[in-house]
Amino acid sequence: MIFDCLAIGADHRGYWLKQAIIKHFRAVGCGVEDFGTDNDCVSVDYPDYAKRVVHHVLNTRDCFGILVCYSGIGMNIAANRYKGIRSVWCAGEESMELSREQNDANLISFGARFTTPELAIRCADIFVNTEFSDERHLARINKIDEL
């Protein structure tokens with residue numbers, strides 16, 4: 001794997017999918033930092049959990065992030081508010097590979113409403129194992145940080 005750290009967070013609607021993803025990565029020996037929430041019984045605000053994961057990704061070398069909420073959209077929007085974060089909403093396996101190869105994405109968001117645990121795990125595995133392809137995309141990525 002091309003990372004040293006995996007930071008993950010979810011709101012109450014994404015809790016069960018977050019737990020499945022954590023179980024998978026810990027079973028294969030990956031270090032996972034869980035930033036909550038700790039249950040699906042208490043309603044929480046997804047931007048709070050996005051912020052926790054984003055700060056960890058930005059301050060930890062070779063760290064990827066995973067966020068989960070009901071649609072995945074709110075988490076993705078919240079994460080992309082931070083300079084240095086390139087978060088993508090999971091649209092399937094090919095999108096995960098392209099997001100890493102061409103955009104050097106460092107965070108994925110999943111919608112628990114749209115994503116089975118099996119699909120999330122396959123997509124997350126592709127994401128964390130795909131390297132950024134080459135420098136020709138770097139100028140475009142740098143332009144994003146200039147916005």
# chains A, B, ... in the order shown; residues from 1 in each chain; ligands from 1
>>> residues_around(residues="range 133-145 of chain A", least_positions_apart="4", cutoff="8 Å", atoms="only C-alpha atoms", output="list in words")
Lys83, Gly84, Arg100, Glu101, Gln102, Asn103 and Asp104 of chain A
>>> closest_atom_pairs(of="range 126-145 of chain A", to="range 92-98 of chain A", cutoff="10 Å", atoms="only C-alpha atoms", output="JSON lines")
{"residue": "A:Ile126", "atom": "CA", "partner": "A:Glu97", "partner_atom": "CA", "distance": 6.1}
{"residue": "A:Phe127", "atom": "CA", "partner": "A:Met96", "partner_atom": "CA", "distance": 5.2}
{"residue": "A:Val128", "atom": "CA", "partner": "A:Met96", "partner_atom": "CA", "distance": 9.0}
{"residue": "A:Asn129", "atom": "CA", "partner": "A:Glu97", "partner_atom": "CA", "distance": 8.7}
{"residue": "A:Thr130", "atom": "CA", "partner": "A:Glu97", "partner_atom": "CA", "distance": 6.1}
{"residue": "A:Glu131", "atom": "CA", "partner": "A:Glu97", "partner_atom": "CA", "distance": 8.6}
{"residue": "A:Phe132", "atom": "CA", "partner": "A:Leu98", "partner_atom": "CA", "distance": 9.0}
{"residue": "A:Ser133", "atom": "CA", "partner": "A:Leu98", "partner_atom": "CA", "distance": 9.3}
>>> select_by_dssp(residues="range 21-90 of chain A", states="strand (DSSP E or B)", output="MDAnalysis selection string")
chainID A and resid 32:34 63:69 87:89
>>> atom_distance(atom1="CA of His55 in chain A", atom2="CA of Arg26 in chain A")
21.6 Å
>>> residues_around(residues="range 11-24 of chain A", least_positions_apart="6", cutoff="8 Å", atoms="only C-alpha atoms", output="PyMOL selection string")
chain A and resi 32+34+36-46+49+67-70+111-112+116-117+120-121
>>> residues_around(residues="Ile66 in chain A", least_positions_apart="2", cutoff="6 Å", atoms="only C-alpha atoms", output="CSV table (one decimal) with N, CA and C atoms, in the first residue's frame")
chain,number,residue,atom,x,y,z
A,8,ILE,N,-10.5,7.9,9.1
A,8,ILE,CA,-11.8,7.6,8.7
A,8,ILE,C,-12.8,8.3,9.7
A,107,LEU,N,-8.6,11.8,-0.4
A,107,LEU,CA,-9.7,11.5,0.4
A,107,LEU,C,-10.9,11.1,-0.4
A,108,ILE,N,-11.6,10.1,0.0
A,108,ILE,CA,-12.8,9.5,-0.6
A,108,ILE,C,-14.0,9.7,0.3
A,109,SER,N,-15.1,10.0,-0.3
A,109,SER,CA,-16.4,10.0,0.4
A,109,SER,C,-17.3,9.0,-0.2
>>> atom_distance(atom1="CA of Arg52 in chain A", atom2="CA of Glu118 in chain A")
25.4 Å
>>> select_by_dssp(residues="chain A", states="helix (DSSP H, G or I)", output="PyMOL selection string")
chain A and resi 15-27+46-59+73-79+93-103+117-129+135-146
>>> closest_residue(among="A:Thr115, A:Asn76, A:Ser87, A:Ser99", to="Pro47 in chain A", atoms="only C-alpha atoms")
A:Asn76
>>> closest_residue(among="A:Ala10, A:Cys63, A:Leu58, A:Leu147", to="Gly31 in chain A", atoms="only C-alpha atoms")
A:Cys63
>>> closest_residue(among="A:Arg113, A:Arg81, A:Arg122, A:Arg86", to="Phe64 in chain A", atoms="only C-alpha atoms")
A:Arg86
>>> atom_distance(atom1="CA of Ala78 in chain A", atom2="CA of Phe35 in chain A")
15.4 Å
